[in-house]
file model-v9.txt (compact mmCIF, C-alpha atoms and all ligand atoms)
# COMPACT_ATOMS: atom_id res chain seq x y z
CA MET A 1 12.54 16.10 16.72
CA ALA A 2 9.65 18.17 15.40
CA SER A 3 6.76 17.97 17.84
CA ALA A 4 3.01 18.29 17.61
CA THR A 5 0.62 19.30 20.34
CA GLN A 6 -3.10 18.53 20.34
CA ASP A 7 -3.84 21.93 18.81
CA SER A 8 -1.01 22.30 16.34
CA ARG A 9 -1.06 21.53 12.63
CA ILE A 10 1.21 18.84 11.24
CA ARG A 11 3.59 20.17 8.59
CA PHE A 12 4.11 17.65 5.81
CA GLY A 13 6.72 17.22 3.11
CA VAL A 14 6.08 14.94 0.12
CA ILE A 15 9.12 13.21 -1.38
CA GLY A 16 8.65 12.07 -4.98
CA CYS A 17 6.36 14.13 -7.25
CA GLY A 18 5.32 11.47 -9.77
CA VAL A 19 2.02 9.79 -10.57
CA VAL A 20 0.75 9.12 -7.03
CA ALA A 21 1.93 12.35 -5.39
CA PRO A 22 -1.09 14.52 -6.42
CA THR A 23 -3.31 12.09 -4.51
CA HIS A 24 -1.34 12.94 -1.35
CA ALA A 25 -1.32 16.69 -2.06
CA ILE A 26 -5.07 16.78 -2.66
CA ALA A 27 -5.78 14.69 0.41
CA LEU A 28 -3.62 17.00 2.53
CA GLU A 29 -5.43 20.07 1.19
CA GLY A 30 -8.65 18.70 2.66
CA ILE A 31 -7.30 17.77 6.08
CA GLU A 32 -7.90 20.34 8.76
CA ARG A 33 -4.90 19.86 11.02
CA ALA A 34 -2.26 19.32 8.33
CA ASP A 35 -0.40 21.47 5.80
CA LEU A 36 1.76 20.50 2.86
CA VAL A 37 4.74 22.84 3.25
CA ALA A 38 7.46 21.26 1.08
CA VAL A 39 7.99 18.86 -1.79
CA ALA A 40 11.10 17.20 -3.20
CA ASP A 41 11.92 15.39 -6.41
CA SER A 42 15.21 14.51 -8.05
CA SER A 43 13.77 16.02 -11.24
CA ALA A 44 14.05 19.83 -10.90
CA SER A 45 11.33 20.54 -13.46
CA ARG A 46 8.91 18.07 -11.90
CA VAL A 47 9.26 19.46 -8.39
CA GLN A 48 8.89 23.06 -9.59
CA ASN A 49 5.76 22.26 -11.60
CA PHE A 50 4.29 20.28 -8.72
CA ALA A 51 4.94 23.06 -6.18
CA ARG A 52 3.36 25.60 -8.52
CA GLU A 53 0.29 23.46 -9.24
CA PHE A 54 -0.43 22.73 -5.58
CA GLY A 55 0.78 26.03 -4.11
CA VAL A 56 3.49 24.40 -1.99
CA PRO A 57 5.86 27.01 -0.45
CA LYS A 58 9.12 25.03 -0.64
CA ALA A 59 10.47 22.88 -3.48
CA TYR A 60 13.65 20.86 -2.94
CA ALA A 61 15.75 19.17 -5.61
CA GLY A 62 16.53 16.17 -3.40
CA HIS A 63 15.08 14.30 -0.47
CA GLU A 64 18.09 15.12 1.75
CA GLU A 65 17.29 18.85 1.81
CA LEU A 66 13.65 18.24 2.64
CA ILE A 67 14.58 15.86 5.46
CA ALA A 68 17.01 18.48 6.83
CA ASP A 69 14.23 21.09 6.97
CA ALA A 70 13.51 21.55 10.69
CA ASP A 71 10.11 23.01 9.86
CA ILE A 72 8.75 19.65 8.75
CA ASP A 73 7.05 17.22 11.14
CA ALA A 74 6.11 14.38 8.81
CA ILE A 75 6.87 13.11 5.34
CA CYS A 76 5.02 11.13 2.71
CA VAL A 77 7.37 8.86 0.75
CA CYS A 78 6.14 8.60 -2.86
CA THR A 79 9.33 7.50 -4.63
CA PRO A 80 10.16 4.26 -6.47
CA HIS A 81 10.07 1.18 -4.23
CA HIS A 82 13.80 0.69 -3.56
CA LEU A 83 14.06 4.21 -2.07
CA HIS A 84 11.15 3.83 0.36
CA ALA A 85 12.97 2.30 3.30
CA PRO A 86 16.29 4.20 2.86
CA ILE A 87 14.51 7.58 2.65
CA ALA A 88 12.13 6.71 5.48
CA ILE A 89 15.01 5.58 7.70
CA GLU A 90 16.90 8.80 6.99
CA ALA A 91 13.78 10.84 7.77
CA ALA A 92 13.10 8.92 10.99
CA ARG A 93 16.71 9.46 12.09
CA ALA A 94 16.04 13.17 11.61
CA GLY A 95 12.98 12.88 13.87
CA LYS A 96 10.22 12.96 11.23
CA HIS A 97 7.08 10.86 11.33
CA VAL A 98 6.82 8.76 8.16
CA LEU A 99 3.89 7.79 5.96
CA ILE A 100 5.19 5.50 3.27
CA GLU A 101 3.58 4.36 0.03
CA LYS A 102 3.31 0.63 -0.50
CA PRO A 103 5.46 -1.46 -0.35
CA MET A 104 7.22 -0.21 2.80
CA ALA A 105 10.48 -1.90 1.68
CA THR A 106 11.86 -4.27 -0.92
CA ASN A 107 13.18 -6.69 1.71
CA LEU A 108 12.20 -7.63 5.26
CA ALA A 109 15.50 -6.57 6.83
CA ASP A 110 14.89 -2.96 5.73
CA ALA A 111 11.28 -3.12 6.92
CA ASP A 112 12.44 -4.34 10.34
CA GLU A 113 15.12 -1.66 10.56
CA LEU A 114 12.59 1.05 9.76
CA ILE A 115 10.15 -0.27 12.37
CA ARG A 116 12.94 -0.40 14.97
CA ILE A 117 14.14 3.15 14.32
CA CYS A 118 10.61 4.58 14.45
CA ASP A 119 9.94 2.67 17.70
CA GLU A 120 13.16 3.97 19.23
CA GLY A 121 12.40 7.55 18.22
CA ASP A 122 8.74 7.30 19.34
CA LEU A 123 7.74 8.26 15.80
CA ARG A 124 4.60 7.31 13.91
CA LEU A 125 5.14 5.00 10.94
CA GLY A 126 2.24 4.48 8.55
CA VAL A 127 1.95 2.45 5.35
CA VAL A 128 -0.47 3.45 2.58
CA PHE A 129 -2.87 0.54 2.19
CA GLN A 130 -5.85 2.77 1.49
CA HIS A 131 -8.24 -0.05 0.58
CA ARG A 132 -8.43 -1.08 4.23
CA PHE A 133 -10.25 2.22 4.72
CA ASP A 134 -12.85 1.57 1.97
CA ALA A 135 -16.35 1.32 3.39
CA ALA A 136 -16.83 -2.11 1.76
CA SER A 137 -13.64 -3.40 3.40
CA ALA A 138 -14.67 -2.14 6.83
CA HIS A 139 -18.06 -3.84 6.43
CA ILE A 140 -16.51 -7.20 5.52
CA LYS A 141 -13.88 -6.98 8.24
CA HIS A 142 -16.73 -6.55 10.71
CA LEU A 143 -18.62 -9.58 9.32
CA VAL A 144 -15.52 -11.78 9.54
CA ASP A 145 -14.60 -10.60 13.04
CA GLU A 146 -18.17 -11.19 14.27
CA GLY A 147 -18.14 -14.72 12.84
CA ASP A 148 -21.03 -13.92 10.50
CA LEU A 149 -19.48 -15.93 7.66
CA GLY A 150 -19.11 -18.99 9.90
CA THR A 151 -15.94 -21.02 9.47
CA ILE A 152 -14.02 -19.54 6.57
CA ALA A 153 -13.06 -22.22 4.06
CA LEU A 154 -11.71 -20.22 1.11
CA ALA A 155 -10.29 -16.71 0.88
CA SER A 156 -8.86 -15.64 -2.47
CA VAL A 157 -7.85 -12.66 -4.61
CA TYR A 158 -7.84 -12.22 -8.38
CA VAL A 159 -6.03 -9.25 -9.94
CA LYS A 160 -6.23 -9.55 -13.72
CA TRP A 161 -4.98 -6.29 -15.12
CA PHE A 162 -3.49 -5.11 -18.36
CA ARG A 163 -0.42 -2.91 -18.73
CA ALA A 164 0.90 -1.92 -22.15
CA ALA A 165 4.58 -2.56 -22.89
CA ASP A 166 5.54 1.09 -22.29
CA TYR A 167 4.51 0.76 -18.62
CA TYR A 168 7.74 -1.23 -18.24
CA ASP A 169 9.85 1.18 -20.28
CA PRO A 170 13.51 0.18 -19.78
CA SER A 171 14.26 3.63 -18.27
CA SER A 172 11.55 3.10 -15.61
CA TRP A 173 12.14 1.72 -12.11
CA ARG A 174 9.24 -0.68 -12.76
CA GLY A 175 9.93 -4.22 -13.92
CA LYS A 176 13.33 -4.58 -12.24
CA TRP A 177 14.35 -6.48 -9.11
CA ASP A 178 16.70 -3.83 -7.76
CA THR A 179 14.33 -0.86 -8.09
CA ALA A 180 10.84 -2.43 -7.86
CA GLY A 181 11.60 -5.48 -5.69
CA GLY A 182 9.24 -7.59 -7.80
CA GLY A 183 6.41 -7.23 -10.31
CA VAL A 184 2.65 -7.60 -10.24
CA LEU A 185 2.59 -9.05 -6.71
CA ILE A 186 4.54 -6.29 -4.98
CA ASN A 187 3.20 -3.46 -7.11
CA GLN A 188 -0.43 -4.21 -8.03
CA ALA A 189 -1.81 -7.27 -6.21
CA ILE A 190 -0.29 -6.14 -2.91
CA HIS A 191 -3.40 -4.07 -2.12
CA ALA A 192 -5.93 -6.89 -2.53
CA LEU A 193 -3.63 -9.35 -0.79
CA ASP A 194 -3.16 -6.93 2.11
CA VAL A 195 -6.92 -6.56 2.52
CA LEU A 196 -7.42 -10.33 2.28
CA CYS A 197 -4.85 -10.99 5.02
CA TRP A 198 -6.38 -8.23 7.14
CA PHE A 199 -9.77 -9.96 6.83
CA VAL A 200 -8.66 -13.54 7.41
CA GLY A 201 -5.51 -13.24 9.52
CA ASP A 202 -1.97 -14.52 9.38
CA VAL A 203 -0.69 -16.70 6.56
CA LYS A 204 0.92 -19.97 7.57
CA SER A 205 2.44 -21.10 4.28
CA VAL A 206 2.38 -20.60 0.51
CA MET A 207 3.14 -22.51 -2.69
CA GLY A 208 3.57 -20.23 -5.65
CA TYR A 209 4.62 -19.58 -9.19
CA ALA A 210 5.76 -16.25 -10.57
CA GLY A 211 7.25 -15.32 -13.92
CA ALA A 212 7.21 -13.02 -16.93
CA ARG A 213 4.69 -14.41 -19.44
CA VAL A 214 4.36 -11.47 -21.83
CA HIS A 215 6.42 -8.44 -20.87
CA ASP A 216 10.16 -8.32 -21.46
CA ILE A 217 11.01 -7.76 -17.78
CA GLU A 218 13.12 -9.37 -15.05
CA VAL A 219 10.31 -9.61 -12.52
CA GLU A 220 6.95 -11.40 -12.72
CA ASP A 221 4.08 -10.06 -14.78
CA THR A 222 2.04 -13.10 -13.76
CA ALA A 223 1.76 -15.10 -10.54
CA ALA A 224 -0.40 -17.76 -8.97
CA ALA A 225 -0.18 -19.13 -5.45
CA ALA A 226 -2.00 -21.35 -2.99
CA ILE A 227 -2.22 -19.96 0.54
CA ARG A 228 -2.77 -21.72 3.86
CA PHE A 229 -3.95 -19.34 6.57
CA ALA A 230 -3.17 -19.79 10.24
CA CYS A 231 -6.94 -20.09 10.94
CA GLY A 232 -7.06 -23.15 8.67
CA ALA A 233 -8.65 -21.55 5.60
CA PHE A 234 -7.14 -22.00 2.15
CA GLY A 235 -6.99 -19.50 -0.67
CA VAL A 236 -5.49 -18.65 -4.00
CA VAL A 237 -3.89 -15.57 -5.48
CA GLU A 238 -4.02 -14.98 -9.22
CA ALA A 239 -2.33 -11.84 -10.49
CA SER A 240 -1.21 -10.55 -13.85
CA THR A 241 -0.53 -7.33 -15.72
CA THR A 242 -0.92 -9.08 -19.09
CA THR A 243 -4.55 -10.12 -19.30
CA TYR A 244 -7.00 -8.49 -21.70
CA PRO A 245 -9.49 -7.16 -20.94
CA GLN A 246 -8.52 -5.72 -17.57
CA THR A 247 -11.11 -6.57 -14.94
CA ASP A 248 -11.71 -5.14 -11.47
CA GLU A 249 -9.70 -6.81 -8.74
CA ARG A 250 -11.79 -9.39 -6.91
CA ILE A 251 -11.65 -10.57 -3.30
CA GLU A 252 -13.77 -13.59 -2.34
CA ILE A 253 -14.36 -15.02 1.11
CA ALA A 254 -16.50 -18.13 1.44
CA GLY A 255 -17.49 -19.58 4.79
CA SER A 256 -19.92 -22.11 6.26
CA ALA A 257 -22.47 -19.34 6.98
CA GLY A 258 -21.89 -16.90 4.15
CA THR A 259 -19.99 -15.66 1.13
CA VAL A 260 -18.91 -12.13 0.30
CA THR A 261 -17.18 -10.83 -2.81
CA ILE A 262 -15.73 -7.39 -3.49
CA GLU A 263 -14.99 -6.22 -7.02
CA GLY A 264 -13.35 -2.89 -7.63
CA GLY A 265 -14.07 -1.75 -4.08
CA GLN A 266 -17.80 -2.63 -4.25
CA ILE A 267 -19.51 -5.59 -2.64
CA VAL A 268 -21.01 -7.63 -5.47
CA GLN A 269 -22.01 -10.73 -3.51
CA HIS A 270 -23.28 -10.68 0.07
CA GLU A 271 -25.09 -13.82 1.10
CA LEU A 272 -25.46 -14.82 4.71
CA ALA A 273 -27.24 -18.02 5.72
CA GLY A 274 -30.67 -17.39 7.23
CA ARG A 275 -30.65 -13.68 6.46
CA ARG A 276 -32.47 -11.64 3.85
CA ALA A 277 -30.19 -11.27 0.85
CA GLU A 278 -29.09 -7.70 0.55
CA THR A 279 -25.98 -6.28 -1.03
CA PRO A 280 -24.83 -3.09 0.67
CA GLU A 281 -23.73 -0.39 -1.73
CA PHE A 282 -20.99 1.98 -0.75
CA VAL A 283 -20.48 5.27 -2.52
CA LEU A 284 -16.92 5.62 -3.72
CA GLU A 285 -16.98 9.24 -4.78
CA ASP A 286 -15.07 11.65 -2.58
CA SER A 287 -14.82 15.26 -3.63
CA ARG A 288 -11.24 15.41 -2.37
CA PHE A 289 -10.16 12.55 -4.54
CA ARG A 290 -8.23 12.73 -7.76
CA GLY A 291 -6.31 9.75 -8.98
CA LYS A 292 -6.68 6.62 -11.05
CA SER A 293 -9.90 4.71 -10.44
CA TYR A 294 -8.16 1.70 -8.93
CA TYR A 295 -6.52 3.87 -6.24
CA GLY A 296 -10.04 4.06 -4.78
CA THR A 297 -11.01 7.09 -2.73
CA SER A 298 -9.47 6.38 0.65
CA HIS A 299 -6.09 8.17 0.55
CA PRO A 300 -7.60 11.10 2.53
CA ARG A 301 -8.69 8.66 5.25
CA VAL A 302 -5.21 7.12 5.47
CA ILE A 303 -3.63 10.54 5.90
CA GLU A 304 -6.33 11.74 8.30
CA ASP A 305 -5.73 8.67 10.47
CA PHE A 306 -1.98 9.31 10.32
CA VAL A 307 -2.41 12.95 11.41
CA GLU A 308 -4.67 11.88 14.28
CA ALA A 309 -2.15 9.18 15.25
CA ILE A 310 0.54 11.88 15.57
CA HIS A 311 -1.73 14.07 17.67
CA GLU A 312 -2.86 11.23 19.89
CA GLY A 313 0.52 9.52 20.20
CA ARG A 314 -0.91 6.20 19.00
CA ALA A 315 -0.01 3.87 16.11
CA PRO A 316 -1.70 4.55 12.76
CA ALA A 317 -4.32 1.97 11.69
CA VAL A 318 -1.81 0.46 9.24
CA ASP A 319 1.51 0.81 11.04
CA GLY A 320 4.88 -0.70 10.15
CA ARG A 321 4.08 -4.11 11.61
CA GLU A 322 0.80 -4.28 9.71
CA GLY A 323 2.44 -3.05 6.51
CA ARG A 324 5.13 -5.72 6.80
CA LYS A 325 2.70 -8.68 6.90
CA VAL A 326 1.80 -8.75 3.21
CA LEU A 327 5.44 -8.29 2.25
CA GLU A 328 6.29 -11.49 4.07
CA VAL A 329 3.61 -13.32 2.08
CA ILE A 330 4.82 -11.90 -1.23
CA PHE A 331 8.47 -12.71 -0.56
CA ALA A 332 7.43 -16.25 0.44
CA ILE A 333 5.64 -16.66 -2.91
CA TYR A 334 8.82 -15.52 -4.71
CA GLU A 335 10.87 -17.99 -2.69
CA SER A 336 8.43 -20.82 -3.37
CA SER A 337 8.50 -20.04 -7.08
CA ARG A 338 12.31 -20.10 -7.08
CA THR A 339 12.68 -23.28 -5.04
CA GLY A 340 9.60 -25.22 -6.09
CA ARG A 341 8.79 -25.79 -2.41
CA GLU A 342 6.11 -24.79 0.05
CA VAL A 343 7.39 -21.89 2.16
CA VAL A 344 6.34 -21.63 5.79
CA LEU A 345 6.14 -18.09 7.10
CA GLY A 346 7.90 -17.10 10.27
CA GLY A 347 9.91 -20.31 9.97
CA ASP A 348 8.09 -22.10 12.81
CA GLY A 349 6.53 -24.88 10.74
N1 LIG B 401 -1.41 3.49 -3.00
C1 LIG B 401 -1.64 3.47 -4.30
O1 LIG B 401 -2.75 3.19 -4.79
C2 LIG B 401 -0.51 3.81 -5.23
C3 LIG B 401 -0.79 4.19 -6.56
C4 LIG B 401 0.29 4.49 -7.38
C5 LIG B 401 1.58 4.41 -6.92
N2 LIG B 401 1.80 4.01 -5.64
C6 LIG B 401 3.17 3.89 -5.12
O2 LIG B 401 3.72 5.20 -5.07
C7 LIG B 401 5.12 5.13 -5.33
C8 LIG B 401 5.46 6.04 -6.49
O3 LIG B 401 4.76 5.58 -7.65
P1 LIG B 401 4.54 6.54 -8.88
O4 LIG B 401 3.67 5.77 -9.82
O5 LIG B 401 4.13 7.89 -8.42
O6 LIG B 401 6.03 6.59 -9.47
P2 LIG B 401 6.69 7.71 -10.40
O7 LIG B 401 7.83 7.09 -11.07
O8 LIG B 401 5.62 8.35 -11.25
O9 LIG B 401 7.17 8.81 -9.35
C9 LIG B 401 8.29 8.66 -8.53
C10 LIG B 401 8.94 10.02 -8.38
O10 LIG B 401 10.00 9.91 -7.44
C11 LIG B 401 11.05 10.75 -7.90
N3 LIG B 401 12.32 10.38 -7.25
C12 LIG B 401 13.13 9.37 -7.54
N4 LIG B 401 14.18 9.38 -6.69
C13 LIG B 401 14.00 10.41 -5.83
C14 LIG B 401 14.73 10.93 -4.73
N5 LIG B 401 15.87 10.36 -4.31
N6 LIG B 401 14.25 12.02 -4.09
C15 LIG B 401 13.12 12.60 -4.50
N7 LIG B 401 12.37 12.14 -5.55
C16 LIG B 401 12.81 11.06 -6.20
C17 LIG B 401 11.04 10.56 -9.41
O11 LIG B 401 11.72 11.60 -10.10
C18 LIG B 401 9.54 10.55 -9.69
O12 LIG B 401 9.04 11.84 -9.94
C19 LIG B 401 5.41 3.66 -5.60
O13 LIG B 401 5.83 3.08 -4.41
C20 LIG B 401 4.08 3.08 -6.00
O14 LIG B 401 3.99 1.69 -5.70
C21 LIG B 401 0.79 3.74 -4.79

call {"tool": "encode", "arguments": {"input": "model-v9.txt", "output": "structure tokens"}}
result
Amino acid sequence: MASATQDSRIRFGVIGCGVVAPTHAIALEGIERADLVAVADSSASRVQNFAREFGVPKAYAGHEELIADADIDAICVCTPHHLHAPIAIEAARAGKHVLIEKPMATNLADADELIRICDEGDLRLGVVFQHRFDAASAHIKHLVDEGDLGTIALASVYVKWFRAADYYDPSSWRGKWDTAGGGVLINQAIHALDVLCWFVGDVKSVMGYAGARVHDIEVEDTAAAAIRFACGAFGVVEASTTTYPQTDERIEIAGSAGTVTIEGGQIVQHELAGRRAETPEFVLEDSRFRGKSYYGTSHPRVIEDFVEAIHEGRAPAVDGREGRKVLEVIFAIYESSRTGREVVLGGDG
């Protein structure tokens, strides 16, 4: 296994040089104790262009060669969804630490296997849920944990986005069960849902509907679900990639002593009983950031935390077990939609 001491730099490889990969490369450029030393993509032209643009020394035509490179300590998995767990498992078996784009797997058995192998190899496993690192999210997490919102009654997310038909081009991995593992829930709404569950805690059960309303795809472009949290709060999820105009994703938490709402990473409502109304503003700009606006600006923080986790021998802030939680909720919504029944998570009633 590649090893890192407190003083050494972590040598990264990025697998998959598509739309999200530049966000990883740019973040890595700005991190002191990390270097991007290799990239891999199954498209030879894409990997060559990417390596040239970001000055990466090694470009591999497949993930296997990158994983076999003994010079690499850690990998970022930026491939289509169905390859996340298989590639990450292969990399972990080769002794690499793994930072994996969302979702960590397209089924829970693969997620569990990946967690087990990383545990056994004493390897760090991180999942990219960058919105947990947004300043607005950290602020609200603190309010909830301190009980400043009182008893939470409702906790909901709304992701009403618009994707043109070519987003689901038939040649793409998107829009298909076997390569994407689902639609708007597992690809887009997963971020807001992850943050919501991080704020409010475990989900007890769901009742949901999911289907393709507009796009000619196998998976859902639209979903709605009712959620019962273990703490007793209720919530709803509304998600679509068909609604015009696209609006910023919205997370609302309403409790007996306060209500907070985030839209597009900014707090837009912040009302606490008995306190002067003030809405904190958090600056989203980060000079190291380049990506689509809805990625936010927190990829560098995810990778920084991951690098520190390797150095310190601790779990990353969003480790495999944390990354798995929202998947369980999403798969339960799919099951509820298929069966027409409430689905209890963890199977313990
Ligand atoms: N965190 C975020 O905000 C965020 C944003 C966008 C995408 N993502 C996630 O990033 C991942 C990639 O998304 P994308 O939009 O960049 O997709 P993409 O299709 O643009 O890129 C995927 C790349 O992987 C390559 N690839 C496929 N099989 C490979 C293999 N075996 N070895 C090496 N490379 C291989 C493809 O050639 C392609 O270049 C997805 O999981 C997506 O959900 C996350």

call {"tool": "residues_near_ligand", "arguments": {"input": "model-v9.txt", "ligand": "ligand LIG 401 (chain B)", "cutoff": "8 Å", "atoms": "only C-alpha atoms and all ligand atoms", "output": "VMD selection string"}}
result
chain A and resid 15 to 21 40 to 43 46 to 47 61 to 64 77 to 81 83 to 84 87 101 to 103 128 to 130 172 to 173 187 to 188 191 292 294 to 296 299

call {"tool": "closest_residue", "arguments": {"input": "model-v9.txt", "among": "A:Leu327, A:Val343, A:Ala153, A:Val206", "to": "A:Thr259", "atoms": "all atoms listed in the file"}}
result
A:Ala153

call {"tool": "atom_distance", "arguments": {"input": "model-v9.txt", "atom1": "atom CA of A:Ala239", "atom2": "atom CA of A:Ser256"}}
result
26.4 Å

call {"tool": "closest_residue", "arguments": {"input": "model-v9.txt", "among": "A:Arg321, A:Tyr168, A:Ser337, A:Ala309", "to": "A:Glu113", "atoms": "all atoms listed in the file"}}
result
A:Arg321

call {"tool": "residues_around", "arguments": {"input": "model-v9.txt", "residues": "A:Arg213", "least_positions_apart": "4", "cutoff": "10 Å", "atoms": "only C-alpha atoms", "output": "JSON, numbers by chain"}}
result
{"A": [217, 220, 221, 222, 223, 240, 241, 242]}

call {"tool": "atom_distance", "arguments": {"input": "model-v9.txt", "atom1": "atom CA of A:Ala257", "atom2": "atom CA of A:Val144"}}
result
10.6 Å

call {"tool": "closest_residue", "arguments": {"input": "model-v9.txt", "among": "A:Ala44, A:Val184, A:Val302, A:Ile251", "to": "A:Ile267", "atoms": "all atoms listed in the file"}}
result
A:Ile251

call {"tool": "closest_residue", "arguments": {"input": "model-v9.txt", "among": "A:Ala210, A:Gly265, A:Val237, A:Ala226", "to": "A:Ser298", "atoms": "only C-alpha atoms"}}
result
A:Gly265

call {"tool": "closest_residue", "arguments": {"input": "model-v9.txt", "among": "A:Arg163, A:Ala38, A:Asn107, A:Val318", "to": "A:Glu65", "atoms": "all atoms listed in the file"}}
result
A:Ala38

call {"tool": "atom_distance", "arguments": {"input": "model-v9.txt", "atom1": "atom CA of A:Phe229", "atom2": "atom CA of A:Leu99"}}
result
28.2 Å

call {"tool": "residues_around", "arguments": {"input": "model-v9.txt", "residues": "A:Glu308", "least_positions_apart": "4", "cutoff": "10 Å", "atoms": "all atoms listed in the file", "output": "VMD selection string"}}
result
chain A and resid 6 10 33 to 34 303 to 304 312 to 316

call {"tool": "closest_residue", "arguments": {"input": "model-v9.txt", "among": "A:Arg338, A:Lys204, A:His131, A:Lys141", "to": "A:Gly264", "atoms": "all atoms listed in the file"}}
result
A:His131

call {"tool": "residues_around", "arguments": {"input": "model-v9.txt", "residues": "A:Arg116", "least_positions_apart": "4", "cutoff": "12 Å", "atoms": "all atoms listed in the file", "output": "PyMOL selection string"}}
result
chain A and resi 85+88-89+92-93+109-112+120-125+320-321

call {"tool": "residues_around", "arguments": {"input": "model-v9.txt", "residues": "A:Ile262", "least_positions_apart": "6", "cutoff": "10 Å", "atoms": "all atoms listed in the file", "output": "list in words"}}
result
Ala136, Ser137, Ile140, Val157, Ala192, Asp248, Glu249, Arg250, Ile251, Glu252, Ile253, Val268, Gln269 and His270 of chain A

call {"tool": "axis_aligned_box", "arguments": {"input": "model-v9.txt", "around": "stretch 117-125 of chain A", "padding_each_side": "8 Å", "output": "lines of an AutoDock Vina configuration file"}}
result
center_x = 9.4
center_y = 5.5
center_z = 15.1
size_x = 25.5
size_y = 21.6
size_z = 24.4

call {"tool": "build_atoms", "arguments": {"input": "model-v9.txt", "residues": "stretch 180-193 of chain A", "atoms": "N, CA and C atoms", "output": "tab-separated table (two decimals), keeping the file's coordinate frame"}}
result
chain	number	residue	atom	x	y	z
A	180	ALA	N	12.26	-2.18	-8.18
A	180	ALA	CA	10.84	-2.43	-7.86
A	180	ALA	C	10.69	-3.52	-6.81
A	181	GLY	N	11.68	-4.40	-6.69
A	181	GLY	CA	11.60	-5.48	-5.69
A	181	GLY	C	10.68	-6.62	-6.10
A	182	GLY	N	10.16	-6.56	-7.33
A	182	GLY	CA	9.24	-7.59	-7.80
A	182	GLY	C	8.33	-6.98	-8.86
A	183	GLY	N	7.30	-7.71	-9.24
A	183	GLY	CA	6.41	-7.23	-10.31
A	183	GLY	C	4.98	-7.09	-9.84
A	184	VAL	N	4.08	-7.82	-10.49
A	184	VAL	CA	2.65	-7.60	-10.24
A	184	VAL	C	2.27	-7.87	-8.77
A	185	LEU	N	2.96	-8.78	-8.11
A	185	LEU	CA	2.59	-9.05	-6.71
A	185	LEU	C	2.91	-7.87	-5.81
A	186	ILE	N	4.13	-7.34	-5.92
A	186	ILE	CA	4.54	-6.29	-4.98
A	186	ILE	C	4.04	-4.91	-5.40
A	187	ASN	N	3.64	-4.78	-6.66
A	187	ASN	CA	3.20	-3.46	-7.11
A	187	ASN	C	1.67	-3.34	-7.21
A	188	GLN	N	1.02	-4.33	-7.83
A	188	GLN	CA	-0.43	-4.21	-8.03
A	188	GLN	C	-1.24	-5.07	-7.04
A	189	ALA	N	-0.97	-6.37	-7.02
A	189	ALA	CA	-1.81	-7.27	-6.21
A	189	ALA	C	-1.63	-7.07	-4.72
A	190	ILE	N	-0.60	-6.35	-4.33
A	190	ILE	CA	-0.29	-6.14	-2.91
A	190	ILE	C	-1.48	-5.55	-2.15
A	191	HIS	N	-2.26	-4.69	-2.81
A	191	HIS	CA	-3.40	-4.07	-2.12
A	191	HIS	C	-4.46	-5.11	-1.76
A	192	ALA	N	-4.88	-5.90	-2.77
A	192	ALA	CA	-5.93	-6.89	-2.53
A	192	ALA	C	-5.45	-7.97	-1.55
A	193	LEU	N	-4.19	-8.34	-1.69
A	193	LEU	CA	-3.63	-9.35	-0.79
A	193	LEU	C	-3.55	-8.82	0.65
